[in-house]
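Each remark here refers to the structure printed beneath this line.
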Amino acid sequence: MKYTREELTEAKRQIDSTLNKLRKVIITLESKENPKRYQSQITLAKRRVIAFQIANDLIEQAMNQE
């Protein structure tokens, strides 16, 4: 599927925003009094960060091919 440069730019902007929020969530959960209690949420957030980083890389590749 072909996307416009504007669509790719907006998708990247949204992903960057979500990545920023996820990183803050990880920091917050890891700094709690008992971070082991939140281990599943921390793991999920870290996996999402990786997934969004991959998506961002793919968007950048698509933008560079234009």
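Residue numbering restarts at 1 for every chain of the structure tokens, chains are lettered A, B, ... in their displayed order, and ligands are numbered from 1 as they appear.
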
Counting only C-alpha atoms, which residues of range 24-66 of chain A fall within 9 Å of range 1-11 of chain A, and what is the closest atom pair for each with its distance in Å at one decimal, ordered by chain and rising number, as JSON lines?
```
{"residue": "A:Asn56", "atom": "CA", "partner": "A:Ala11", "partner_atom": "CA", "distance": 8.5}
{"residue": "A:Ile59", "atom": "CA", "partner": "A:Leu8", "partner_atom": "CA", "distance": 6.3}
{"residue": "A:Glu60", "atom": "CA", "partner": "A:Leu8", "partner_atom": "CA", "distance": 8.3}
{"residue": "A:Ala62", "atom": "CA", "partner": "A:Leu8", "partner_atom": "CA", "distance": 8.1}
{"residue": "A:Met63", "atom": "CA", "partner": "A:Arg5", "partner_atom": "CA", "distance": 6.7}
{"residue": "A:Glu66", "atom": "CA", "partner": "A:Arg5", "partner_atom": "CA", "distance": 8.3}
```

As a short mmCIF file (atom, residue, chain, number, x, y, z; two decimals) with N, CA and C atoms, in the first residue's frame, please: all residues of chain A that backbone DSSP puts in alpha helix (DSSP H).
```cif
data_model
loop_
_atom_site.label_atom_id
_atom_site.label_comp_id
_atom_site.auth_asym_id
_atom_site.auth_seq_id
_atom_site.Cartn_x
_atom_site.Cartn_y
_atom_site.Cartn_z
N ARG A 5 3.54 11.25 1.73
CA ARG A 5 4.58 11.74 2.67
C ARG A 5 3.93 12.34 3.91
N GLU A 6 2.83 13.03 3.72
CA GLU A 6 2.12 13.64 4.86
C GLU A 6 1.59 12.56 5.81
N GLU A 7 1.05 11.48 5.25
CA GLU A 7 0.55 10.39 6.10
C GLU A 7 1.69 9.74 6.88
N LEU A 8 2.81 9.53 6.23
CA LEU A 8 3.96 8.94 6.90
C LEU A 8 4.50 9.87 7.99
N THR A 9 4.56 11.15 7.69
CA THR A 9 5.03 12.13 8.67
C THR A 9 4.13 12.17 9.89
N GLU A 10 2.83 12.16 9.67
CA GLU A 10 1.88 12.19 10.79
C GLU A 10 1.96 10.89 11.59
N ALA A 11 2.08 9.77 10.92
CA ALA A 11 2.21 8.49 11.62
C ALA A 11 3.46 8.49 12.49
N LYS A 12 4.56 8.99 11.94
CA LYS A 12 5.81 9.06 12.70
C LYS A 12 5.66 9.98 13.90
N ARG A 13 4.99 11.08 13.73
CA ARG A 13 4.77 12.03 14.83
C ARG A 13 3.97 11.37 15.95
N GLN A 14 2.93 10.64 15.57
CA GLN A 14 2.09 9.96 16.56
C GLN A 14 2.87 8.87 17.29
N ILE A 15 3.67 8.13 16.56
CA ILE A 15 4.47 7.08 17.17
C ILE A 15 5.51 7.69 18.11
N ASP A 16 6.14 8.77 17.71
CA ASP A 16 7.11 9.45 18.59
C ASP A 16 6.44 9.89 19.89
N SER A 17 5.24 10.41 19.79
CA SER A 17 4.50 10.85 20.98
C SER A 17 4.20 9.66 21.89
N THR A 18 3.76 8.57 21.30
CA THR A 18 3.45 7.38 22.09
C THR A 18 4.71 6.80 22.72
N LEU A 19 5.81 6.80 21.98
CA LEU A 19 7.08 6.31 22.53
C LEU A 19 7.50 7.14 23.74
N ASN A 20 7.37 8.43 23.63
CA ASN A 20 7.71 9.32 24.74
C ASN A 20 6.87 8.99 25.97
N LYS A 21 5.58 8.79 25.79
CA LYS A 21 4.70 8.46 26.91
C LYS A 21 5.03 7.10 27.51
N LEU A 22 5.31 6.13 26.66
CA LEU A 22 5.67 4.79 27.15
C LEU A 22 6.96 4.82 27.96
N ARG A 23 7.93 5.57 27.50
CA ARG A 23 9.19 5.67 28.24
C ARG A 23 8.98 6.31 29.61
N LYS A 24 8.10 7.28 29.68
CA LYS A 24 7.79 7.90 30.97
C LYS A 24 7.07 6.91 31.89
N VAL A 25 6.18 6.10 31.32
CA VAL A 25 5.47 5.08 32.09
C VAL A 25 6.47 4.09 32.69
N ILE A 26 7.43 3.66 31.87
CA ILE A 26 8.44 2.71 32.35
C ILE A 26 9.22 3.31 33.51
N ILE A 27 9.66 4.54 33.36
CA ILE A 27 10.41 5.21 34.43
C ILE A 27 9.56 5.29 35.70
N THR A 28 8.30 5.67 35.54
CA THR A 28 7.41 5.80 36.69
C THR A 28 7.22 4.45 37.39
N LEU A 29 6.93 3.42 36.62
CA LEU A 29 6.69 2.10 37.22
C LEU A 29 7.95 1.55 37.88
N GLU A 30 9.10 1.75 37.25
CA GLU A 30 10.35 1.25 37.82
C GLU A 30 10.76 2.01 39.07
N GLN A 39 5.87 -5.69 37.34
CA GLN A 39 6.77 -6.27 36.34
C GLN A 39 6.07 -6.56 35.02
N SER A 40 4.84 -7.07 35.07
CA SER A 40 4.16 -7.39 33.81
C SER A 40 3.86 -6.13 33.00
N GLN A 41 3.47 -5.04 33.68
CA GLN A 41 3.21 -3.78 32.98
C GLN A 41 4.50 -3.20 32.40
N ILE A 42 5.60 -3.33 33.17
CA ILE A 42 6.89 -2.83 32.71
C ILE A 42 7.33 -3.61 31.47
N THR A 43 7.20 -4.93 31.52
CA THR A 43 7.58 -5.77 30.38
C THR A 43 6.75 -5.42 29.16
N LEU A 44 5.45 -5.28 29.33
CA LEU A 44 4.56 -4.93 28.22
C LEU A 44 4.96 -3.59 27.62
N ALA A 45 5.21 -2.60 28.46
CA ALA A 45 5.59 -1.27 27.97
C ALA A 45 6.92 -1.34 27.21
N LYS A 46 7.88 -2.11 27.70
CA LYS A 46 9.17 -2.22 27.02
C LYS A 46 9.01 -2.90 25.66
N ARG A 47 8.15 -3.92 25.60
CA ARG A 47 7.91 -4.59 24.31
C ARG A 47 7.21 -3.66 23.33
N ARG A 48 6.34 -2.84 23.84
CA ARG A 48 5.67 -1.86 22.96
C ARG A 48 6.65 -0.83 22.44
N VAL A 49 7.58 -0.41 23.29
CA VAL A 49 8.61 0.55 22.85
C VAL A 49 9.38 -0.04 21.67
N ILE A 50 9.78 -1.30 21.79
CA ILE A 50 10.52 -1.95 20.71
C ILE A 50 9.67 -2.01 19.44
N ALA A 51 8.41 -2.38 19.59
CA ALA A 51 7.52 -2.48 18.42
C ALA A 51 7.35 -1.11 17.74
N PHE A 52 7.18 -0.06 18.53
CA PHE A 52 7.03 1.27 17.95
C PHE A 52 8.33 1.76 17.33
N GLN A 53 9.47 1.39 17.90
CA GLN A 53 10.75 1.76 17.30
C GLN A 53 10.91 1.10 15.94
N ILE A 54 10.50 -0.15 15.83
CA ILE A 54 10.55 -0.84 14.55
C ILE A 54 9.64 -0.14 13.54
N ALA A 55 8.44 0.19 13.97
CA ALA A 55 7.50 0.90 13.09
C ALA A 55 8.10 2.22 12.63
N ASN A 56 8.72 2.94 13.53
CA ASN A 56 9.35 4.22 13.18
C ASN A 56 10.46 4.02 12.15
N ASP A 57 11.27 3.00 12.35
CA ASP A 57 12.35 2.71 11.40
C ASP A 57 11.78 2.40 10.02
N LEU A 58 10.72 1.62 9.98
CA LEU A 58 10.10 1.28 8.69
C LEU A 58 9.50 2.50 8.01
N ILE A 59 8.91 3.37 8.79
CA ILE A 59 8.36 4.62 8.24
C ILE A 59 9.49 5.47 7.66
N GLU A 60 10.60 5.58 8.39
CA GLU A 60 11.74 6.36 7.91
C GLU A 60 12.29 5.76 6.61
N GLN A 61 12.37 4.44 6.54
CA GLN A 61 12.82 3.79 5.30
C GLN A 61 11.88 4.13 4.14
N ALA A 62 10.59 4.06 4.39
CA ALA A 62 9.61 4.37 3.35
C ALA A 62 9.74 5.83 2.90
N MET A 63 9.98 6.71 3.85
CA MET A 63 10.12 8.13 3.50
C MET A 63 11.40 8.38 2.70
N ASN A 64 12.45 7.63 2.98
CA ASN A 64 13.71 7.82 2.27
C ASN A 64 13.69 7.23 0.87
N GLN A 65 12.75 6.33 0.61
CA GLN A 65 12.65 5.71 -0.72
C GLN A 65 11.90 6.60 -1.71
#
```
